[in-house]
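Just below is one structure, and these are the notes that go with it.
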Amino acid sequence: MPSSFPGYVKPAQFLVDAGVIYIGATPAGIGATEGGLQWDPGTEYQHPEFDGMSAEIETLHRVVDYSKNKLSGDILDMTGVNIGRYQPGSASDGSTGTNTITPIDAFTFFSTGAYLTDVTWIARRSDNTTVRVFSAVALVKKFQIKTKPKKEGLASIEIVACLSSTETDLSKCPFVYQDLPS
């Protein structure tokens, strides 16, 4: 007797564009991207090994690491403000002519002001709702300027969500997902 194929279920909500990164309580977009953005929660799971185990067992898994999370992409925006964001701890002289942005000295611990606050990646879905990844504190961990002949230059960045310096629960996840209506 032939079995019937269950059929395909059409998705109701799928991402339809690259999304945008907003920073701050008063949102300031970090800029347009080339090739979109990538979110990797970097969550590491662990399951105990023991003699006689032939497969992993339900309820024995646990999260052991959130530190490998990463929001990355190639950003077109190379304003002085964003260069300061891309180089945590840097200082700007604020000049209207030649604005000098000086990176932080090596071996200097960052102050709280060196971190980005209220970082949100907002992605639009097919039904015009949004899904977001939000972190109260984040850091641009990697920054690289890339150029090509006859092409716009890009800032290739990696942002990682961090726990606040005032957080007492060190096992807490440094980011949340937000599922928002239109």
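Residue numbers start at 1 in each chain; chains themselves are named A, B, ... in the order of the structure tokens; ligands are numbered from 1 in the order shown.
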Residues of chain A in alpha helix (DSSP H) according to DSSP, as a CSV table (one decimal) with N, CA and C atoms, in the first residue's frame?
```csv
chain,number,residue,atom,x,y,z
A,80,GLY,N,32.4,59.5,11.3
A,80,GLY,CA,33.3,59.6,12.5
A,80,GLY,C,32.7,58.9,13.7
A,81,VAL,N,31.4,59.1,13.9
A,81,VAL,CA,30.7,58.5,15.0
A,81,VAL,C,30.8,57.0,15.0
A,82,ASN,N,30.5,56.4,13.8
A,82,ASN,CA,30.6,55.0,13.7
A,82,ASN,C,32.0,54.5,13.8
A,83,ILE,N,33.0,55.2,13.3
A,83,ILE,CA,34.4,54.7,13.5
A,83,ILE,C,34.7,54.7,15.0
A,84,GLY,N,34.2,55.6,15.7
A,84,GLY,CA,34.3,55.6,17.2
A,84,GLY,C,33.6,54.4,17.8
A,85,ARG,N,32.5,54.0,17.3
A,85,ARG,CA,31.8,52.8,17.8
A,85,ARG,C,32.5,51.5,17.4
A,86,TYR,N,33.1,51.5,16.2
A,86,TYR,CA,33.8,50.3,15.7
A,86,TYR,C,35.1,50.1,16.5
```
Find the spatial neighbours of Gly24 of chain A, counting only C-alpha atoms, within a cut-off of 8 Å - ignore same-chain residues fewer than 4 positions away - and output them as JSON, numbers by chain. {"A": [28, 116, 117, 118, 119]}
Write out the residues from the selection above, keeping N, CA and C atoms, as a PDB file, in the first residue's frame.
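Everything below was put into again.pdb:
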```
ATOM      1  N   ALA A  28      19.755  55.024  16.768  1.00  0.00           N
ATOM      2  CA  ALA A  28      20.617  55.578  15.729  1.00  0.00           C
ATOM      3  C   ALA A  28      21.085  54.413  14.883  1.00  0.00           C
ATOM      4  N   LEU A 116      28.683  49.613  23.624  1.00  0.00           N
ATOM      5  CA  LEU A 116      27.440  50.050  23.010  1.00  0.00           C
ATOM      6  C   LEU A 116      26.300  49.697  23.958  1.00  0.00           C
ATOM      7  N   THR A 117      25.268  50.514  24.011  1.00  0.00           N
ATOM      8  CA  THR A 117      24.113  50.211  24.854  1.00  0.00           C
ATOM      9  C   THR A 117      22.861  50.104  23.998  1.00  0.00           C
ATOM     10  N   ASP A 118      21.971  49.225  24.424  1.00  0.00           N
ATOM     11  CA  ASP A 118      20.690  49.011  23.743  1.00  0.00           C
ATOM     12  C   ASP A 118      20.882  48.734  22.253  1.00  0.00           C
ATOM     13  N   VAL A 119      21.602  47.669  21.955  1.00  0.00           N
ATOM     14  CA  VAL A 119      21.860  47.276  20.569  1.00  0.00           C
ATOM     15  C   VAL A 119      20.753  46.326  20.118  1.00  0.00           C
TER      16      VAL A 119
END
```
Mind listing the strand (DSSP E or B) residues of segment 5-155 of chain A, per DSSP on the backbone, as an mmCIF file with C-alpha atoms, in the first residue's frame?
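What landed in selection-v4.cif:
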```cif
data_model
loop_
_atom_site.group_PDB
_atom_site.id
_atom_site.type_symbol
_atom_site.label_atom_id
_atom_site.label_comp_id
_atom_site.auth_asym_id
_atom_site.auth_seq_id
_atom_site.Cartn_x
_atom_site.Cartn_y
_atom_site.Cartn_z
ATOM 1 C CA LEU A 15 12.599 37.296 6.894
ATOM 2 C CA VAL A 20 19.109 47.038 10.393
ATOM 3 C CA ILE A 21 21.188 47.595 13.536
ATOM 4 C CA TYR A 22 19.997 50.265 15.967
ATOM 5 C CA ILE A 23 22.047 51.554 18.880
ATOM 6 C CA ALA A 28 20.617 55.578 15.729
ATOM 7 C CA GLY A 29 21.014 53.225 12.771
ATOM 8 C CA THR A 33 24.823 46.771 4.744
ATOM 9 C CA GLU A 34 26.170 44.892 1.768
ATOM 10 C CA GLY A 35 25.325 41.215 1.814
ATOM 11 C CA GLY A 36 23.059 41.519 4.864
ATOM 12 C CA LEU A 37 23.687 40.725 8.501
ATOM 13 C CA GLN A 38 24.324 37.442 10.286
ATOM 14 C CA TRP A 39 23.292 36.520 13.825
ATOM 15 C CA ASP A 40 25.003 33.568 15.504
ATOM 16 C CA GLU A 44 27.318 25.914 23.548
ATOM 17 C CA TYR A 45 25.443 22.940 24.951
ATOM 18 C CA GLN A 46 26.762 20.103 27.068
ATOM 19 C CA ARG A 62 22.388 22.297 29.542
ATOM 20 C CA VAL A 63 23.783 25.546 28.181
ATOM 21 C CA VAL A 64 27.361 26.095 29.323
ATOM 22 C CA ASP A 65 28.451 29.121 27.271
ATOM 23 C CA LYS A 70 28.064 37.373 17.224
ATOM 24 C CA LEU A 71 26.157 39.847 15.069
ATOM 25 C CA SER A 72 28.230 40.483 11.961
ATOM 26 C CA GLY A 73 28.099 42.089 8.564
ATOM 27 C CA ASP A 74 29.636 44.536 6.151
ATOM 28 C CA ILE A 75 28.507 48.094 6.871
ATOM 29 C CA ALA A 91 38.409 59.166 21.865
ATOM 30 C CA SER A 92 37.419 61.836 19.364
ATOM 31 C CA ILE A 101 39.779 59.544 16.533
ATOM 32 C CA THR A 102 42.406 57.941 18.754
ATOM 33 C CA LEU A 116 27.440 50.050 23.010
ATOM 34 C CA THR A 117 24.113 50.211 24.854
ATOM 35 C CA ASP A 118 20.690 49.011 23.743
ATOM 36 C CA VAL A 119 21.860 47.276 20.569
ATOM 37 C CA THR A 120 19.016 45.875 18.476
ATOM 38 C CA TRP A 121 19.097 43.962 15.207
ATOM 39 C CA ILE A 122 15.654 44.419 13.646
ATOM 40 C CA ALA A 123 14.570 42.124 10.821
ATOM 41 C CA ARG A 124 11.283 42.534 8.938
ATOM 42 C CA ARG A 125 9.149 39.507 8.196
ATOM 43 C CA THR A 130 9.544 42.164 13.132
ATOM 44 C CA VAL A 131 11.839 39.880 15.040
ATOM 45 C CA ARG A 132 14.668 41.431 16.983
ATOM 46 C CA VAL A 133 17.806 40.451 18.840
ATOM 47 C CA PHE A 134 18.393 42.856 21.725
ATOM 48 C CA SER A 135 21.348 43.336 24.047
ATOM 49 C CA ALA A 136 21.510 45.991 26.744
ATOM 50 C CA VAL A 137 25.333 45.983 26.507
ATOM 51 C CA ALA A 138 27.469 45.011 23.512
ATOM 52 C CA LEU A 139 30.957 45.479 22.126
ATOM 53 C CA VAL A 140 32.342 45.735 18.602
ATOM 54 C CA LYS A 141 34.836 42.899 18.986
ATOM 55 C CA LYS A 142 36.187 42.945 15.434
ATOM 56 C CA PHE A 143 36.461 45.737 12.885
ATOM 57 C CA GLN A 144 38.093 45.736 9.483
ATOM 58 C CA ILE A 145 37.951 48.213 6.608
ATOM 59 C CA LYS A 146 37.657 46.547 3.210
ATOM 60 C CA LEU A 154 32.985 48.526 3.832
ATOM 61 C CA ALA A 155 33.446 48.215 7.557
#
```
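Atom to atom, atom CA of Asp127 of chain A and atom CA of Lys10 of chain A stand 13.1 Å apart.
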Residue contacts of Thr129 of chain A (8 Å, only C-alpha atoms) excluding same-chain residues fewer than 3 positions away, as an MDAnalysis selection string: chainID A and resid 124:126 179:182
To one decimal place, how far is atom CA of Phe175 of chain A from atom CA of Ile159 of chain A in Å?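 These two atoms are separated by 11.8 Å.
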At a cut-off of 8 Å, using only C-alpha atoms, what residues contact Ala114 of chain A? Leave out same-chain residues fewer than 5 positions from it and give the result as a PyMOL selection string. chain A and resi 88-90+139
Output for the residues just chosen: C-alpha atoms as an mmCIF file, in the first residue's frame:
```cif
data_model
loop_
_atom_site.group_PDB
_atom_site.id
_atom_site.type_symbol
_atom_site.label_atom_id
_atom_site.label_comp_id
_atom_site.auth_asym_id
_atom_site.auth_seq_id
_atom_site.Cartn_x
_atom_site.Cartn_y
_atom_site.Cartn_z
ATOM 1 C CA PRO A 88 35.739 50.617 21.537
ATOM 2 C CA GLY A 89 37.293 53.017 24.025
ATOM 3 C CA SER A 90 38.522 55.403 21.352
ATOM 4 C CA LEU A 139 30.957 45.479 22.126
#
```
Under the rule that only C-alpha atoms are counted, which of A:Asp51, A:Glu167, A:Asp77, A:Glu58 is the nearest residue to Glu152 of chain A? A:Asp77
